[in-house]
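**Q** The structure follows.
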There are 2 protein chains.
Amino acid sequence: MSELGITVKKSEDISEWYTQVVIKSELADYAPVHGCIVFREYSYAIWENIQRYFDERIRELGHKNVYFPCLIPESLLAMEAEHFKGFKPECAWVTIGGNSVLSEKLAIRPTSETIIYALLQKWVRSWRDLPIKINQWCNIIRWEIKSTRPFLRTTEFLWQEGHTAHENLEDAEKEVFDILGIYRELMEDLLSIPVLLGRKSEKEKFAGAYYTLTLEAIMPDGRALQMGTVHNLGQNFSKVFNIKFLGRDGKYHYAWTTSWGISTRLIGALIMVHGDDKGLIIPPKIAPYQVVIVPIFYSNEEKENVFRIAHELKSILIREKIRVMLDDREWYTPGWKFNEWELKGIPLRIEIGPRDLKEKTITLVRRDTGERIVIKSESAISEVKKTLDEIHSHLYNRAKGFLKENILTVKSYDEFKEVITKGGFVKACWCLKNECEERIKDETGATIRLIPLNKEEIFSKCIYCNEDAKEVVYFAKAY
Amino acid sequence: MSELGITVKKSEDISEWYTQVVIKSELADYAPVHGCIVFREYSYAIWENIQRYFDERIRELGHKNVYFPCLIPESLLAMEAEHFKGFKPECAWVTIGGNSVLSEKLAIRPTSETIIYALLQKWVRSWRDLPIKINQWCNIIRWEIKSTRPFLRTTEFLWQEGHTAHENLEDAEKEVFDILGIYRELMEDLLSIPVLLGRKSEKEKFAGAYYTLTLEAIMPDGRALQMGTVHNLGQNFSKVFNIKFLGRDGKYHYAWTTSWGISTRLIGALIMVHGDDKGLIIPPKIAPYQVVIVPIFYSNEEKENVFRIAHELKSILIREKIRVMLDDREWYTPGWKFNEWELKGIPLRIEIGPRDLKEKTITLVRRDTGERIVIKSESAISEVKKTLDEIHSHLYNRAKGFLKENILTVKSYDEFKEVITKGGFVKACWCLKNECEERIKDETGATIRLIPLNKEEIFSKCIYCNEDAKEVVYFAKAY
């Protein structure tokens with residue numbers, strides 16, 4: 001088992017630990033292409049669960065799924081200058097189609113605002129055409145020069161990108177906060193990962209946005225991870241793309257647009273946040289399998305009886321919509337199976353052995369705590385449900401505790417420099433000047449992750465320039 | 001309404017009719033990129049219904065969804081010579097990544113066999129690792145030099161591609177016929193389009209396949225449309241990619257692989273087959289909305305009562321899992337709405353007006369026949385279900401009748417040349433020689449669409465060379 005299991009402790013070498021977990025749990029594999037991975041069935045099933053949840057949530061708010069082309073002509077991508085400046089260095093360019101060199105090169109979408117707006121310009125005529133609320137699930141290419149890492153930073157990734165157009169600023173603001181709320185619930189309730197919400201600084205906002213909202217989590221090594229972003233694009237793009245409508249007042253107005261996305265990076269986050277030295281721990285609500293049943297027997301007669309009970313239990317749990325797998329492979333020992341499913345992070349294991357048959361019990365083993373709980377078979381449904389809920393809460397609360405412990409407040413730059421090397425979010429006061437933000441980044445590697453949504457009380461001068469501060473902000477080194 | 005509705009008859013100019021239907025029904029729009037379209041919400045919802053159906057069917061057989069990178073290095077694509085020869089002329093090539101010219105150019109996947117097999121080579125070790133049954137939903141780029149047409153032939157399209165590896169030929173054969181069966185049911189039961197099944201000739205089979213199975217439909221202009229293909233790749237690819245496993249016999253064997261796909265082309269087929277001079281007719285089982293309710297009223301009091309009943313009816317139908325929409329827009333007349341939903345092809349319209357209130361009735365209007373049926377409100381559920389079933393059967397049977405009428409048998413090449421200009425499938429005897437097949441294509445534009453699965457009795461010499469025939473085959477001009 002040694003080379004099949006994880007050979008390094010998470011606390012000692014998180015980078016090597018992460019890679020081993022990803023590959024050995026069969027979530028992903030490296031592909032023979034620069035910075036790309038294969039999403040194997042185990043990670044893709046997690047992604048499908050995210051898709052199902054999010055699709056349902058946004059459908060309730062009237063969003064519709066669509067699909068736009070993956071190729072964007074350079075001239076179209078270049079229409080909004082800031083946007084082009086931001087994305088150009090990351091584009092993969094198609095220059096040959098079939099046997100011909102193209103007259104204009106085409107970017108594989110690094111994001112789809114420009115090609116979507118080229119069409120909205122045609123579709124939006126009157127206030128009656130608004131709001132337009134569309135979403136697409138698709139692949140994205142961003143040519144990474146930083147070192148890549150499965151899920152967290154890959155040249156190709158999968159995401160959803162929502163794009164909406166509204167009559168006025170109020171409607172656009174309602175939209176971005178609605179989506180921010182859904183993202184938060186997805187991350188906290190489904191992935192069991194607590195997040196901080198806030199606004200990005202001017203320097204860190206989306207290229208071309210009016211403002212960007214962000215959800216940030218903390219990783220076990222103290223680095224921040226941006227989990228998703230929501231952009232209020234104001235009228236910036238609609239002016240460039242001439243998205244105008246005849247308003248209720250009989251006059252023409254530019255539409256107010258928003259865009260927002262979450263990606264397969266979320267899978268990287270849940271690996272990082274919840275996993276332990278044995279491998280993955282997948283939060284119950286997102287797990288492809290929530291329960292694995294492992295039969296234990298020593299004779300053929302025992303085998304028959306144990307399997308009968310195991311199959312019955314599986315059927316009962318499936319009827320209760322619990323995602324359950326019965327590991328009936330006969331060429332592996334129970335011990336081998338325990339190790340495999342612990343590596344793969346199935347939240348709850350059920351063991352059924354000869355003694356359980358006699359005593360009408362089953363044994364639950366929690367992946368998060370290792371706790372063994374012997375229960376009466378007749379209370380299986382309620383106990384399994386309760387235990388899955390407890391595992392979710394335990395994972396969430398553990399991560400929440402870690403997040404809280406890793407938000408520190410500083411009043412001076414000396415203090416800042418010392419604290420930031422240890423990782424975590426560092427709360428500090430800032431004057432809003434770009435220059436201070438940039439120097440801090442150059443000198444420490446830390447960026448402003450967010451400005452809290454509810455303005456916090458200023459408690460010092462700007463930590464960098466010592467002039468009057470305007471905002472309390474959260475710095476961190478980030479993935 | 002004139003410029004909103006379809007201005008040309010399907011029987012007079014099917015090409016212009018098709019384009020108008022696609023654009024005016026808001027299924028799709030042209031994108032500012034060579035041969036690409038935007039899948040608007042209405043067509044994407046059809047695609048999602050296809051996905052849901054197919055995912056469930058293949059999951060029952062143990063297939064799992066995955067995702068492989070969209071970029072394939074040229075050297076990898078070139079490993080199987082026939083395959084490369086077949087796809088190279090259709091590839092879009094990425095030659096620049098970020099700010100660098102790449103040392104090797106990358107194709108955007110025209111299909112994914114090569115990149116998938118590069119990984120299967122790592123994953124397959126023992127017979128216990130088999131079968132591998134994976135599927136992905138993704139975008140595909142094939143640089144089209146022929147003229148493109150929305151859904152039917154576009155540079156980028158969406159599809160599913162299934163890829164499996166097996167221990168032996170028998171298992172691979174079972175797989176391809178299982179999938180062929182699911183495809184057929186999807187096309188006939190869901191899309192109401194009858195298909196002919198068969199094998200492709202050596203010339204027409206997938207580049208690198210052992211053999212290819214195909215499902216072919218007929219379009220109203222008499223041309224054939226390939227609806228889906230299923231490839232038994234034999235050991236061709238596994239030998240090239242060295243996919244070997246230790247068998248139950250203790251010896252190493254090459255795996256037997258298959259691949260199969262259906263694409264958004266199916267949406268083009270249903271437009272073509274079912275639509276009429278008023279626009280789309282979407283088959284009930286695949287329709288995003290199966291029923292539209294249009295309230296009719298002349299006074300405010302009537303309005304209130306009509307809307308109350310309409311909302312009640314909507315809730316009742318939703319509880320029965322019927323996809324229903326209530327058109328409550330107040331700025332359009334009922335007549336305007338009738339035209340719009342007829343253009344969009346919603347299979348069944350329900351009108352509720354003041355007289356219906358008095359008499360406790362509702363009026364059903366079938367999109368396929370235009371028939372009006374006044375029914376008692378209390379039998380709404382059963383009547384709606386029955387009528388939707390009848391619409392499906394009527395659409396299917398009408399298409400089936402057309403297919404039957406358009407299969408003609410010929411015994412000589414003179415006869416063949418005359419019949420083939422009128423369109424339809426032409427049954428003829430063939431000697432199996434490549435040369436005859438190629439000359440027929442050059443001289444008439446017709447290709448062998450399929451060789452029937454059950455060998456049919458030879459009834460003449462080869463129509464081209466007059467030597468002994470070996471197979472009865474179906475020729476047609478195709479999209």
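Residue numbers start at 1 in each chain; chains themselves are named A, B, ... in the order of the structure tokens; ligands are numbered from 1 in the order shown.
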Could you list the residues in chain A lying within 6 Å of chain B, using only C-alpha atoms, and format the result as a PyMOL selection string?
**A** chain A and resi 38-41+44+64-68+89-94+96-98+143
**Q** So that I have them on file, write out the residues from the current selection with N, CA and C atoms, as an mmCIF file, in the first residue's frame.
**A**
data_model
loop_
_atom_site.group_PDB
_atom_site.id
_atom_site.type_symbol
_atom_site.label_atom_id
_atom_site.label_comp_id
_atom_site.auth_asym_id
_atom_site.auth_seq_id
_atom_site.Cartn_x
_atom_site.Cartn_y
_atom_site.Cartn_z
ATOM 1 N N VAL A 38 -6.303 16.248 -17.158
ATOM 2 C CA VAL A 38 -7.499 15.481 -17.492
ATOM 3 C C VAL A 38 -8.380 15.444 -16.245
ATOM 4 N N PHE A 39 -9.626 15.850 -16.394
ATOM 5 C CA PHE A 39 -10.602 15.714 -15.313
ATOM 6 C C PHE A 39 -11.145 14.287 -15.388
ATOM 7 N N ARG A 40 -10.660 13.420 -14.490
ATOM 8 C CA ARG A 40 -11.131 12.039 -14.488
ATOM 9 C C ARG A 40 -12.527 11.973 -13.874
ATOM 10 N N GLU A 41 -13.153 10.806 -13.938
ATOM 11 C CA GLU A 41 -14.565 10.722 -13.554
ATOM 12 C C GLU A 41 -14.830 11.205 -12.133
ATOM 13 N N TYR A 44 -14.785 15.009 -12.191
ATOM 14 C CA TYR A 44 -15.851 15.521 -13.047
ATOM 15 C C TYR A 44 -17.219 15.338 -12.382
ATOM 16 N N LYS A 64 -30.897 31.830 -18.165
ATOM 17 C CA LYS A 64 -31.005 30.755 -19.154
ATOM 18 C C LYS A 64 -29.609 30.398 -19.660
ATOM 19 N N ASN A 65 -29.393 29.107 -19.883
ATOM 20 C CA ASN A 65 -28.106 28.677 -20.420
ATOM 21 C C ASN A 65 -28.043 28.835 -21.934
ATOM 22 N N VAL A 66 -26.861 29.190 -22.405
ATOM 23 C CA VAL A 66 -26.609 29.422 -23.834
ATOM 24 C C VAL A 66 -25.197 28.933 -24.130
ATOM 25 N N TYR A 67 -24.795 29.043 -25.407
ATOM 26 C CA TYR A 67 -23.404 28.734 -25.749
ATOM 27 C C TYR A 67 -22.910 29.640 -26.879
ATOM 28 N N PHE A 68 -21.835 30.356 -26.594
ATOM 29 C CA PHE A 68 -21.194 31.236 -27.586
ATOM 30 C C PHE A 68 -19.902 30.592 -28.087
ATOM 31 N N PRO A 89 -1.963 39.052 -22.754
ATOM 32 C CA PRO A 89 -0.786 38.220 -22.451
ATOM 33 C C PRO A 89 -1.134 36.763 -22.136
ATOM 34 N N GLU A 90 -2.408 36.471 -21.902
ATOM 35 C CA GLU A 90 -2.804 35.122 -21.505
ATOM 36 C C GLU A 90 -3.491 34.349 -22.627
ATOM 37 N N CYS A 91 -3.584 34.932 -23.812
ATOM 38 C CA CYS A 91 -4.353 34.287 -24.872
ATOM 39 C C CYS A 91 -3.553 33.233 -25.630
ATOM 40 N N ALA A 92 -4.264 32.160 -25.995
ATOM 41 C CA ALA A 92 -3.748 31.215 -26.995
ATOM 42 C C ALA A 92 -4.367 31.638 -28.323
ATOM 43 N N TRP A 93 -3.532 31.727 -29.353
ATOM 44 C CA TRP A 93 -3.999 32.277 -30.628
ATOM 45 C C TRP A 93 -4.017 31.233 -31.735
ATOM 46 N N VAL A 94 -5.150 31.118 -32.397
ATOM 47 C CA VAL A 94 -5.263 30.287 -33.593
ATOM 48 C C VAL A 94 -4.874 31.153 -34.779
ATOM 49 N N ILE A 96 -3.883 29.372 -37.881
ATOM 50 C CA ILE A 96 -4.031 28.544 -39.084
ATOM 51 C C ILE A 96 -5.361 27.797 -38.987
ATOM 52 N N GLY A 97 -6.160 27.866 -40.040
ATOM 53 C CA GLY A 97 -7.420 27.114 -40.085
ATOM 54 C C GLY A 97 -7.407 26.231 -41.320
ATOM 55 N N GLY A 98 -7.483 24.913 -41.121
ATOM 56 C CA GLY A 98 -7.370 24.006 -42.251
ATOM 57 C C GLY A 98 -6.004 24.184 -42.887
ATOM 58 N N TRP A 143 -3.243 31.236 -21.054
ATOM 59 C CA TRP A 143 -1.883 30.722 -21.150
ATOM 60 C C TRP A 143 -1.097 31.138 -19.922
#
**Q** At a cut-off of 9 Å, using only C-alpha atoms, what residues contact B:Ala81? Leave out same-chain residues fewer than 4 positions from it and give the result as an mmCIF file with C-alpha atoms, in the first residue's frame.
**A**
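Everything below was put into result_9.cif:
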data_model
loop_
_atom_site.group_PDB
_atom_site.id
_atom_site.type_symbol
_atom_site.label_atom_id
_atom_site.label_comp_id
_atom_site.auth_asym_id
_atom_site.auth_seq_id
_atom_site.Cartn_x
_atom_site.Cartn_y
_atom_site.Cartn_z
ATOM 1 C CA LEU B 77 -2.618 13.723 -33.420
ATOM 2 C CA LYS B 85 -4.695 12.199 -42.817
ATOM 3 C CA GLY B 86 -8.442 12.382 -42.258
ATOM 4 C CA ALA B 207 -10.383 7.502 -40.220
ATOM 5 C CA GLY B 208 -8.621 4.685 -38.363
#
**Q** Taking 5 positions as the minimum chain separation for residues in the same chain, which residues sit within 8 Å of A:Ala217 when counting only C-alpha atoms? Answer as a count of residues only.
**A** 9
**Q** Using only C-alpha atoms, determine which residues lie at most 9 Å from B:Asp327, disregarding the query and same-chain residues fewer than 6 positions distant; provide the list as a PyMOL selection string.
**A** chain B and resi 292-295+337
**Q** So that I can see what lies close to A:Gly250, please list as a list in words the residues with an atom at most 10 Å from it, counting only C-alpha atoms and leaving out residues fewer than 5 positions away in the same chain.
**A**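 Neighbouring residues, sequence-local ones excluded: Ser126, Trp127 and Phe245 of chain A.
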